[in-house]
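Novice: Pasting in a structure now, in structure tokens, and then I'll have a few things to ask.
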Amino acid sequence: MDGLNSLKEAIIIYLDRSGGLSKLIEDCKVFKGGQQTGAVYRFSFDVNPSDVLELDATLGDCILHDPVKAVSLFQSVCYLSIKTLSLIDHIETENQVNVVLKPTHLPPFPNYCLDLSEFPRGYGPMRPLALEGLVIAMTRVTKYTQGARFLCSEEKCPCSKGFQHIRVHAPGATESATVRSDFTCFLCSSPLKEDVKSRVLGDKQLVELIHVRAVDVLGVHDAASLRYQSVTLFLRDELCNSMRIGHLYQVVGIPAHVHQWPNVTWSPCLVSNNFQNLQTAMACSPWRFAAIVANSFGSPVIPPGLYNTLKLGLLLSLVQTEDNPDSPYQLDVLALTSETLIIDRSGFFKCTCLFR
């Protein structure tokens, strides 16, 4: 308990020195003036790991290696500050305070860097990592749920009112982790129902990053070659529209596997000597082997160099083809035609067409 209290004391000192407490007060005035009706109040802080480490090494280590615990500590400090200073009257529980910590930088060591050319990536503990990438694509800004309030469906349960069941977005979590219909009360195990009027929404934008060396992977300036080994970056709230396509950026974030295929299997097979020699010769680049194979795939039907992205997709489809004919990921036929009516009448289970 004394350890937690010392960490919270260090957080108060850091926020005071860095201007975080002043920002907290100003944000509370904005919430109060805007008469927010949502159940969750979001507070964002820029955190300098070097300054925190000089102040308290344990707290600095927590921010760098256990961000979930660090957020919980900052959340507790912010809640106590809000209640002590009577900044927002509508906050009744600590769960209503949503804290986002944004490290300004990370130590310049390999363990804190994520190289987009390496594989596998993202399988370690969820902690901040720095990466550099070229923006090749981005979506429009959409909405996501920052936080939601749930009430117990059992009227006699204490959780049928109040703010005991608050869910907020966490790094790496999908929308269904914040809002769905199968949550149960932790007191009586009755189903929870959402108080839709208390839901708080935020902005979200997806950005595709690629390693800068992947630009010239095929030796030509073809936009399709930029798609190899890309990673999706989620920009949220004030960070939306802060990037531009074609620019190189250094990013600090927490890598996570947002989606994984449910049935990924593999089986041993014989690989020809030509493929083994090609893979050995192309070992100097993480993309060149896949690019060359896709470039020459199906050369009797399609001249090399055309439809590289499509042919790479076909190869990936063949790799994950299952024995189950009803699999949605199985490709049966590749056809080259200028008339789709013939293909439709052929009765193929699934077919991809190239048009002349």
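By convention in this document, the chains of the structure tokens carry letters A, B, ... by their order, each chain's residues are numbered from 1, and ligands are numbered from 1 in the order they are shown.
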Could you write out, as a PyMOL selection string, all the residues of stretch 73-277 of chain A that DSSP marks as strand (DSSP E)?
Specialist: chain A and resi 97-103+129-138+142-152+165-168+192-194+200-210+231-236+248-253
Novice: List the spatial neighbours of A:Glu94 as a PyMOL selection string - criterion: any atom at most 10 Å away, only C-alpha atoms, same-chain residues fewer than 6 positions off excluded.
Specialist: chain A and resi 40+72+75-80+83+163-164+166
Novice: For N, CA and C atoms, I'd like the residues from the last selection saved as a CSV table (one decimal), in the first residue's frame.
Specialist:
chain,number,residue,atom,x,y,z
A,40,VAL,N,-18.6,9.1,-19.1
A,40,VAL,CA,-17.1,9.0,-19.1
A,40,VAL,C,-16.5,10.3,-19.5
A,72,SER,N,-4.1,3.2,-14.7
A,72,SER,CA,-4.9,3.0,-13.5
A,72,SER,C,-4.4,3.9,-12.3
A,75,GLN,N,-5.4,7.4,-13.3
A,75,GLN,CA,-6.8,7.5,-13.2
A,75,GLN,C,-7.2,7.8,-11.7
A,76,SER,N,-6.6,7.1,-10.8
A,76,SER,CA,-6.9,7.3,-9.4
A,76,SER,C,-6.6,8.7,-8.9
A,77,VAL,N,-5.4,9.2,-9.4
A,77,VAL,CA,-4.9,10.5,-9.0
A,77,VAL,C,-5.9,11.6,-9.5
A,78,CYS,N,-6.3,11.4,-10.8
A,78,CYS,CA,-7.2,12.4,-11.4
A,78,CYS,C,-8.5,12.4,-10.7
A,79,TYR,N,-9.0,11.2,-10.4
A,79,TYR,CA,-10.3,11.2,-9.7
A,79,TYR,C,-10.3,11.9,-8.4
A,80,LEU,N,-9.2,11.6,-7.6
A,80,LEU,CA,-9.1,12.2,-6.3
A,80,LEU,C,-9.0,13.7,-6.4
A,83,LYS,N,-12.5,15.2,-7.2
A,83,LYS,CA,-13.4,15.2,-6.1
A,83,LYS,C,-12.9,16.2,-5.0
A,163,PHE,N,-23.1,4.2,-11.3
A,163,PHE,CA,-22.0,4.1,-12.3
A,163,PHE,C,-21.0,3.0,-12.0
A,164,GLN,N,-21.6,1.8,-11.5
A,164,GLN,CA,-20.7,0.7,-11.2
A,164,GLN,C,-20.2,0.0,-12.4
A,166,ILE,N,-19.0,0.7,-15.8
A,166,ILE,CA,-18.5,1.6,-16.8
A,166,ILE,C,-17.5,0.9,-17.6
Novice: Between A:Leu187, A:Val141, A:Leu4, A:Ala57, which has the minimum distance to A:Asn241 (counting only C-alpha atoms)?
Specialist: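 Among A:Leu187, A:Val141, A:Leu4, A:Ala57, it is A:Val141 that comes nearest to A:Asn241.
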Novice: Between A:Gln96, A:Gln279, A:Ser117, A:Asn111, single out the one closest to A:His65, counting only C-alpha atoms.
Specialist: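 Result for the nearest residue to A:His65: A:Asn111.
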Novice: Stretch 46-293 of chain A: which residues are alpha helix (DSSP H) by DSSP, as an MDAnalysis selection string?
Specialist: chainID A and resid 49:55 57:65 67:84 175:178 273:281 288:293
Novice: Any chance you could export the current selection's N, CA and C atoms as a compact mmCIF listing (two decimals), in the first residue's frame?
Specialist:
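File produced: result.txt:
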# COMPACT_ATOMS: atom_id res chain seq x y z
N PRO A 49 8.95 10.27 -20.57
CA PRO A 49 9.52 9.18 -19.76
C PRO A 49 10.83 9.56 -19.06
N SER A 50 11.65 10.40 -19.70
CA SER A 50 12.92 10.78 -19.08
C SER A 50 12.69 11.57 -17.80
N ASP A 51 11.76 12.52 -17.85
CA ASP A 51 11.45 13.31 -16.66
C ASP A 51 10.86 12.45 -15.55
N VAL A 52 10.01 11.50 -15.93
CA VAL A 52 9.39 10.63 -14.92
C VAL A 52 10.45 9.73 -14.29
N LEU A 53 11.37 9.20 -15.08
CA LEU A 53 12.42 8.34 -14.54
C LEU A 53 13.33 9.09 -13.58
N GLU A 54 13.61 10.35 -13.87
CA GLU A 54 14.41 11.15 -12.94
C GLU A 54 13.66 11.40 -11.64
N LEU A 55 12.34 11.55 -11.72
CA LEU A 55 11.55 11.80 -10.52
C LEU A 55 11.35 10.53 -9.70
N ALA A 57 11.96 6.26 -10.44
CA ALA A 57 12.34 5.19 -11.37
C ALA A 57 11.26 4.13 -11.49
N THR A 58 10.59 3.82 -10.38
CA THR A 58 9.54 2.80 -10.41
C THR A 58 8.37 3.24 -11.27
N LEU A 59 7.98 4.50 -11.12
CA LEU A 59 6.88 5.02 -11.93
C LEU A 59 7.28 5.06 -13.40
N GLY A 60 8.52 5.46 -13.69
CA GLY A 60 8.97 5.48 -15.08
C GLY A 60 8.98 4.10 -15.70
N ASP A 61 9.42 3.10 -14.94
CA ASP A 61 9.41 1.73 -15.43
C ASP A 61 7.99 1.25 -15.67
N CYS A 62 7.06 1.67 -14.83
CA CYS A 62 5.66 1.28 -14.98
C CYS A 62 5.08 1.86 -16.27
N ILE A 63 5.40 3.11 -16.58
CA ILE A 63 4.89 3.75 -17.80
C ILE A 63 5.45 3.06 -19.04
N LEU A 64 6.71 2.64 -18.99
CA LEU A 64 7.35 2.04 -20.15
C LEU A 64 6.99 0.58 -20.35
N HIS A 65 6.72 -0.16 -19.27
CA HIS A 65 6.57 -1.60 -19.38
C HIS A 65 5.22 -2.14 -18.91
N PRO A 67 1.79 -0.25 -19.12
CA PRO A 67 0.94 0.94 -19.33
C PRO A 67 -0.45 0.82 -18.72
N VAL A 68 -0.97 -0.39 -18.61
CA VAL A 68 -2.30 -0.56 -18.00
C VAL A 68 -2.28 -0.16 -16.53
N LYS A 69 -1.25 -0.59 -15.81
CA LYS A 69 -1.12 -0.20 -14.40
C LYS A 69 -0.88 1.30 -14.28
N ALA A 70 -0.06 1.86 -15.18
CA ALA A 70 0.21 3.30 -15.13
C ALA A 70 -1.05 4.11 -15.34
N VAL A 71 -1.88 3.69 -16.29
CA VAL A 71 -3.15 4.39 -16.54
C VAL A 71 -4.04 4.31 -15.31
N SER A 72 -4.07 3.16 -14.66
CA SER A 72 -4.88 3.00 -13.45
C SER A 72 -4.42 3.94 -12.34
N LEU A 73 -3.11 4.11 -12.19
CA LEU A 73 -2.58 5.02 -11.17
C LEU A 73 -2.94 6.46 -11.50
N PHE A 74 -2.75 6.87 -12.74
CA PHE A 74 -3.11 8.24 -13.14
C PHE A 74 -4.61 8.46 -13.01
N GLN A 75 -5.39 7.44 -13.31
CA GLN A 75 -6.84 7.54 -13.18
C GLN A 75 -7.25 7.81 -11.73
N SER A 76 -6.62 7.10 -10.79
CA SER A 76 -6.93 7.29 -9.38
C SER A 76 -6.55 8.69 -8.91
N VAL A 77 -5.38 9.17 -9.36
CA VAL A 77 -4.94 10.52 -8.96
C VAL A 77 -5.87 11.58 -9.52
N CYS A 78 -6.27 11.44 -10.78
CA CYS A 78 -7.16 12.42 -11.40
C CYS A 78 -8.52 12.42 -10.72
N TYR A 79 -9.04 11.24 -10.40
CA TYR A 79 -10.34 11.17 -9.72
C TYR A 79 -10.29 11.86 -8.36
N LEU A 80 -9.24 11.58 -7.58
CA LEU A 80 -9.11 12.22 -6.26
C LEU A 80 -8.96 13.73 -6.40
N SER A 81 -8.24 14.19 -7.40
CA SER A 81 -8.07 15.63 -7.62
C SER A 81 -9.40 16.28 -7.98
N ILE A 82 -10.17 15.62 -8.83
CA ILE A 82 -11.46 16.17 -9.25
C ILE A 82 -12.42 16.25 -8.07
N LYS A 83 -12.45 15.21 -7.24
CA LYS A 83 -13.36 15.22 -6.08
C LYS A 83 -12.89 16.21 -5.02
N THR A 84 -11.56 16.28 -4.80
CA THR A 84 -11.04 17.19 -3.77
C THR A 84 -11.30 18.65 -4.13
N GLU A 175 -14.38 -2.73 -30.92
CA GLU A 175 -15.61 -2.08 -30.47
C GLU A 175 -16.45 -3.02 -29.62
N SER A 176 -16.45 -4.30 -29.96
CA SER A 176 -17.26 -5.27 -29.21
C SER A 176 -16.76 -5.47 -27.79
N ALA A 177 -15.51 -5.13 -27.52
CA ALA A 177 -15.00 -5.23 -26.15
C ALA A 177 -15.55 -4.14 -25.26
N THR A 178 -16.01 -3.05 -25.86
CA THR A 178 -16.57 -1.94 -25.09
C THR A 178 -18.09 -2.00 -25.02
N ASN A 273 13.70 -27.51 -55.09
CA ASN A 273 15.03 -26.91 -54.94
C ASN A 273 15.07 -25.50 -55.51
N ASN A 274 14.32 -25.26 -56.58
CA ASN A 274 14.31 -23.92 -57.17
C ASN A 274 13.77 -22.90 -56.18
N PHE A 275 12.71 -23.27 -55.48
CA PHE A 275 12.14 -22.35 -54.50
C PHE A 275 13.11 -22.14 -53.34
N GLN A 276 13.74 -23.21 -52.90
CA GLN A 276 14.69 -23.07 -51.80
C GLN A 276 15.87 -22.19 -52.21
N ASN A 277 16.36 -22.37 -53.42
CA ASN A 277 17.46 -21.54 -53.89
C ASN A 277 17.04 -20.08 -54.03
N LEU A 278 15.83 -19.87 -54.53
CA LEU A 278 15.34 -18.51 -54.68
C LEU A 278 15.20 -17.83 -53.31
N GLN A 279 14.66 -18.58 -52.33
CA GLN A 279 14.49 -18.01 -50.99
C GLN A 279 15.85 -17.68 -50.38
N THR A 280 16.82 -18.53 -50.59
CA THR A 280 18.16 -18.27 -50.05
C THR A 280 18.78 -17.04 -50.70
N ALA A 281 18.61 -16.93 -52.01
CA ALA A 281 19.20 -15.80 -52.72
C ALA A 281 18.53 -14.48 -52.35
N ARG A 288 11.41 -9.27 -51.07
CA ARG A 288 11.76 -9.56 -52.45
C ARG A 288 11.32 -10.97 -52.88
N PHE A 289 11.39 -11.96 -51.98
CA PHE A 289 10.99 -13.31 -52.35
C PHE A 289 9.51 -13.35 -52.76
N ALA A 290 8.64 -12.79 -51.90
CA ALA A 290 7.21 -12.79 -52.21
C ALA A 290 6.93 -11.99 -53.48
N ALA A 291 7.66 -10.89 -53.67
CA ALA A 291 7.43 -10.05 -54.84
C ALA A 291 7.81 -10.77 -56.13
N ILE A 292 8.95 -11.48 -56.13
CA ILE A 292 9.39 -12.20 -57.33
C ILE A 292 8.44 -13.36 -57.65
N VAL A 293 8.03 -14.10 -56.63
CA VAL A 293 7.11 -15.21 -56.86
C VAL A 293 5.78 -14.70 -57.43
Novice: One decimal, Å: what's the distance from atom CA of A:Phe297 over to atom CA of A:Cys284, could you say?
Specialist: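 Separation between atom CA of A:Phe297 and atom CA of A:Cys284: 21.3 Å.
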Novice: Which one is closest to A:Met243: A:Ile25, A:Ala137, A:Met126, A:Leu87? Count only C-alpha atoms.
Specialist: A:Ala137
Novice: Counting only C-alpha atoms, what is within 7 Å of A:Gly133, bar same-chain residues fewer than 3 positions away, as an mmCIF file with N, CA, C and O atoms, in the first residue's frame?
Specialist:
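File produced: out39.cif:
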data_model
loop_
_atom_site.group_PDB
_atom_site.id
_atom_site.type_symbol
_atom_site.label_atom_id
_atom_site.label_comp_id
_atom_site.auth_asym_id
_atom_site.auth_seq_id
_atom_site.Cartn_x
_atom_site.Cartn_y
_atom_site.Cartn_z
ATOM 1 N N LEU A 209 0.784 1.955 -42.728
ATOM 2 C CA LEU A 209 2.202 2.312 -42.756
ATOM 3 C C LEU A 209 3.000 1.186 -43.405
ATOM 4 O O LEU A 209 2.676 0.001 -43.243
ATOM 5 N N ILE A 210 4.062 1.556 -44.099
ATOM 6 C CA ILE A 210 4.936 0.594 -44.745
ATOM 7 C C ILE A 210 6.381 0.991 -44.463
ATOM 8 O O ILE A 210 6.682 2.174 -44.272
ATOM 9 N N HIS A 211 7.250 0.003 -44.409
ATOM 10 C CA HIS A 211 8.667 0.313 -44.267
ATOM 11 C C HIS A 211 9.138 1.058 -45.515
ATOM 12 O O HIS A 211 8.775 0.706 -46.649
ATOM 13 N N VAL A 212 9.929 2.090 -45.340
ATOM 14 C CA VAL A 212 10.300 2.952 -46.462
ATOM 15 C C VAL A 212 11.080 2.186 -47.522
ATOM 16 O O VAL A 212 11.028 2.521 -48.719
ATOM 17 N N LEU A 248 6.769 10.443 -44.265
ATOM 18 C CA LEU A 248 7.416 9.510 -43.349
ATOM 19 C C LEU A 248 7.229 10.002 -41.920
ATOM 20 O O LEU A 248 7.477 11.174 -41.629
ATOM 21 N N TYR A 249 6.784 9.115 -41.030
ATOM 22 C CA TYR A 249 6.486 9.507 -39.654
ATOM 23 C C TYR A 249 7.153 8.562 -38.664
ATOM 24 O O TYR A 249 7.329 7.372 -38.947
ATOM 25 N N GLN A 250 7.498 9.108 -37.508
ATOM 26 C CA GLN A 250 7.922 8.324 -36.355
ATOM 27 C C GLN A 250 6.767 8.293 -35.353
ATOM 28 O O GLN A 250 6.256 9.347 -34.973
#
